[in-house]
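This report concerns only the one structure given below.
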Amino acid sequence: MNTRFAVATHILTFLQSQEGSPASSELIASSVNTNPTLIRRLLSQLAKAGLTTAQMGSGGGALLARPGASITLLDVHRAIDEGHVVFPLHQQPNPQCPVGRNINKVLHGRIAAVEQAMERELSRTTIADLATDISAINSAA
């Protein structure tokens, strides 16, 4: 597990809060408290997935490619963790051991069920939902 999903979600929520104004990688990096190179790398992945776009020129920067209400956390997960298995199985358990030779068989179905539940839950929350929650917290403070 790493923080790329959380940082990508932060980026998209920040862009949602910009209300259509482009944001530079430096500005986004200051919110995330990381370096702009990481932000640019993640923005590239998010753009490839159709979640962000870039406005070139003076005053340009990153923008959401579509409304935040149509970008789910599942979209973010798929864009950032594409091809990464959430719960990888050990690839070389001891085939001479009764547990080792069967552990992957018994874990596979259970892990698949957990991953499906995770995807269902991620699909229920949008970037706009997160921005609304943050706005409510800021208003209450």
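Simple scheme: letters A, B, ... for chains in structure tokens order, numbers from 1 for residues in each chain, numbers from 1 for ligands in the order shown.
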Residues near Ile127 in chain A, cut-off 7 Å, only C-alpha atoms, skip fewer than 6 positions along chain, as a PyMOL selection string: chain A and resi 12-13+68-69+71-72
Sel. of helix (DSSP H, G or I) residues, chain A, as a ChimeraX atom specification: /A:4-17,25-32,36-48,68-70,73-80,103-122,127-140
Using C-alpha atoms, can you write the selected residues to a file as an mmCIF file, in the first residue's frame?
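Everything below was put into part15.cif:
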data_model
loop_
_atom_site.group_PDB
_atom_site.id
_atom_site.type_symbol
_atom_site.label_atom_id
_atom_site.label_comp_id
_atom_site.auth_asym_id
_atom_site.auth_seq_id
_atom_site.Cartn_x
_atom_site.Cartn_y
_atom_site.Cartn_z
ATOM 1 C CA ARG A 4 -0.759 7.649 -4.321
ATOM 2 C CA PHE A 5 -4.531 7.103 -4.112
ATOM 3 C CA ALA A 6 -4.863 9.549 -1.214
ATOM 4 C CA VAL A 7 -2.678 12.149 -2.936
ATOM 5 C CA ALA A 8 -4.564 11.774 -6.232
ATOM 6 C CA THR A 9 -7.860 12.186 -4.367
ATOM 7 C CA HIS A 10 -6.429 15.284 -2.677
ATOM 8 C CA ILE A 11 -5.420 16.703 -6.075
ATOM 9 C CA LEU A 12 -8.866 16.175 -7.572
ATOM 10 C CA THR A 13 -10.657 17.561 -4.516
ATOM 11 C CA PHE A 14 -8.379 20.605 -4.610
ATOM 12 C CA LEU A 15 -9.209 21.132 -8.287
ATOM 13 C CA GLN A 16 -12.921 20.818 -7.464
ATOM 14 C CA SER A 17 -12.520 23.525 -4.828
ATOM 15 C CA SER A 25 1.428 21.929 -9.934
ATOM 16 C CA GLU A 26 3.229 24.208 -7.461
ATOM 17 C CA LEU A 27 -0.071 25.422 -5.986
ATOM 18 C CA ILE A 28 -1.419 21.891 -5.732
ATOM 19 C CA ALA A 29 1.873 20.705 -4.212
ATOM 20 C CA SER A 30 1.582 23.374 -1.526
ATOM 21 C CA SER A 31 -1.820 21.974 -0.522
ATOM 22 C CA VAL A 32 -0.607 18.376 -0.565
ATOM 23 C CA PRO A 36 5.507 19.517 -7.716
ATOM 24 C CA THR A 37 7.235 16.671 -9.560
ATOM 25 C CA LEU A 38 5.065 14.095 -7.772
ATOM 26 C CA ILE A 39 1.981 16.194 -8.529
ATOM 27 C CA ARG A 40 2.868 16.386 -12.234
ATOM 28 C CA ARG A 41 3.414 12.631 -12.356
ATOM 29 C CA LEU A 42 0.012 11.955 -10.783
ATOM 30 C CA LEU A 43 -1.688 14.612 -12.944
ATOM 31 C CA SER A 44 -0.327 12.780 -15.975
ATOM 32 C CA GLN A 45 -1.940 9.530 -14.815
ATOM 33 C CA LEU A 46 -5.189 11.326 -13.989
ATOM 34 C CA ALA A 47 -5.210 12.987 -17.430
ATOM 35 C CA LYS A 48 -4.582 9.635 -19.127
ATOM 36 C CA GLY A 68 -16.475 16.396 -9.764
ATOM 37 C CA ALA A 69 -19.922 14.901 -9.207
ATOM 38 C CA SER A 70 -19.157 12.400 -11.970
ATOM 39 C CA LEU A 73 -13.204 7.341 -5.790
ATOM 40 C CA LEU A 74 -13.343 4.137 -7.828
ATOM 41 C CA ASP A 75 -12.352 6.179 -10.903
ATOM 42 C CA VAL A 76 -9.391 7.543 -8.935
ATOM 43 C CA HIS A 77 -8.400 4.080 -7.721
ATOM 44 C CA ARG A 78 -8.513 2.694 -11.248
ATOM 45 C CA ALA A 79 -6.526 5.626 -12.647
ATOM 46 C CA ILE A 80 -3.779 5.482 -10.041
ATOM 47 C CA ILE A 103 -3.440 -21.235 0.999
ATOM 48 C CA ASN A 104 -3.802 -19.349 -2.298
ATOM 49 C CA LYS A 105 -6.810 -21.473 -3.287
ATOM 50 C CA VAL A 106 -8.685 -20.635 -0.102
ATOM 51 C CA LEU A 107 -7.618 -16.968 -0.004
ATOM 52 C CA HIS A 108 -8.418 -16.162 -3.636
ATOM 53 C CA GLY A 109 -12.229 -16.155 -3.312
ATOM 54 C CA ARG A 110 -12.211 -14.297 -0.029
ATOM 55 C CA ILE A 111 -9.854 -11.608 -1.302
ATOM 56 C CA ALA A 112 -11.936 -11.224 -4.468
ATOM 57 C CA ALA A 113 -15.016 -10.604 -2.298
ATOM 58 C CA VAL A 114 -13.159 -7.970 -0.256
ATOM 59 C CA GLU A 115 -11.969 -6.209 -3.413
ATOM 60 C CA GLN A 116 -15.514 -6.192 -4.847
ATOM 61 C CA ALA A 117 -16.858 -4.694 -1.613
ATOM 62 C CA MET A 118 -14.114 -2.063 -1.673
ATOM 63 C CA GLU A 119 -14.950 -1.133 -5.272
ATOM 64 C CA ARG A 120 -18.674 -0.874 -4.446
ATOM 65 C CA GLU A 121 -17.883 1.472 -1.558
ATOM 66 C CA LEU A 122 -15.464 3.585 -3.612
ATOM 67 C CA ILE A 127 -14.928 14.165 -5.622
ATOM 68 C CA ALA A 128 -17.769 16.683 -5.283
ATOM 69 C CA ASP A 129 -18.938 14.845 -2.124
ATOM 70 C CA LEU A 130 -15.476 15.238 -0.584
ATOM 71 C CA ALA A 131 -15.286 18.933 -1.502
ATOM 72 C CA THR A 132 -18.724 19.468 0.063
ATOM 73 C CA ASP A 133 -17.636 17.682 3.245
ATOM 74 C CA ILE A 134 -14.478 19.798 3.463
ATOM 75 C CA SER A 135 -16.457 22.991 2.898
ATOM 76 C CA ALA A 136 -18.861 22.006 5.702
ATOM 77 C CA ILE A 137 -15.964 21.325 8.083
ATOM 78 C CA ASN A 138 -14.366 24.668 7.212
ATOM 79 C CA SER A 139 -17.671 26.493 7.735
ATOM 80 C CA ALA A 140 -18.127 24.866 11.149
#
All strand (DSSP E or B) residues (DSSP, backbone) inside range 20-83 of chain A, as a list in words: Ala23, Thr52, Thr53, Ala54, Gln55, Gly61, Ala62, Leu63, Leu64 and Thr72 of chain A
Output file for the residues above (N, CA and C atoms, as an mmCIF file, in the first residue's frame):
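Output (selection17.cif):
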data_model
loop_
_atom_site.group_PDB
_atom_site.id
_atom_site.type_symbol
_atom_site.label_atom_id
_atom_site.label_comp_id
_atom_site.auth_asym_id
_atom_site.auth_seq_id
_atom_site.Cartn_x
_atom_site.Cartn_y
_atom_site.Cartn_z
ATOM 1 N N ALA A 23 -5.108 25.298 -11.762
ATOM 2 C CA ALA A 23 -4.156 25.296 -10.644
ATOM 3 C C ALA A 23 -2.820 24.747 -11.114
ATOM 4 N N THR A 52 -8.439 14.627 -15.460
ATOM 5 C CA THR A 52 -7.942 16.006 -15.453
ATOM 6 C C THR A 52 -7.554 16.401 -16.867
ATOM 7 N N THR A 53 -7.395 17.683 -17.037
ATOM 8 C CA THR A 53 -6.912 18.235 -18.293
ATOM 9 C C THR A 53 -6.002 19.396 -17.939
ATOM 10 N N ALA A 54 -5.297 19.914 -18.923
ATOM 11 C CA ALA A 54 -4.384 21.032 -18.666
ATOM 12 C C ALA A 54 -4.741 22.205 -19.559
ATOM 13 N N GLN A 55 -4.675 23.383 -18.973
ATOM 14 C CA GLN A 55 -4.842 24.619 -19.728
ATOM 15 C C GLN A 55 -3.460 25.224 -19.869
ATOM 16 N N GLY A 61 -2.889 25.741 -16.031
ATOM 17 C CA GLY A 61 -2.688 24.740 -14.996
ATOM 18 C C GLY A 61 -3.652 23.592 -15.171
ATOM 19 N N ALA A 62 -3.788 22.805 -14.133
ATOM 20 C CA ALA A 62 -4.645 21.623 -14.165
ATOM 21 C C ALA A 62 -6.088 22.003 -13.857
ATOM 22 N N LEU A 63 -6.994 21.262 -14.487
ATOM 23 C CA LEU A 63 -8.435 21.409 -14.280
ATOM 24 C C LEU A 63 -9.056 20.024 -14.250
ATOM 25 N N LEU A 64 -10.212 19.912 -13.649
ATOM 26 C CA LEU A 64 -10.964 18.669 -13.773
ATOM 27 C C LEU A 64 -11.426 18.549 -15.224
ATOM 28 N N THR A 72 -15.809 9.361 -9.342
ATOM 29 C CA THR A 72 -15.898 8.598 -8.096
ATOM 30 C C THR A 72 -14.510 8.219 -7.593
#
Selected residue, from A:Thr3, A:Gln96, A:Gly20, A:Arg101, that lies nearest to Ala65 in chain A when counting only C-alpha atoms: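 The answer is A:Gly20, which sits nearest to Ala65 in chain A.
Computed from the coordinates, the CA of Ser24 in chain A to CA of Gly59 in chain A distance equals 8.2 Å.
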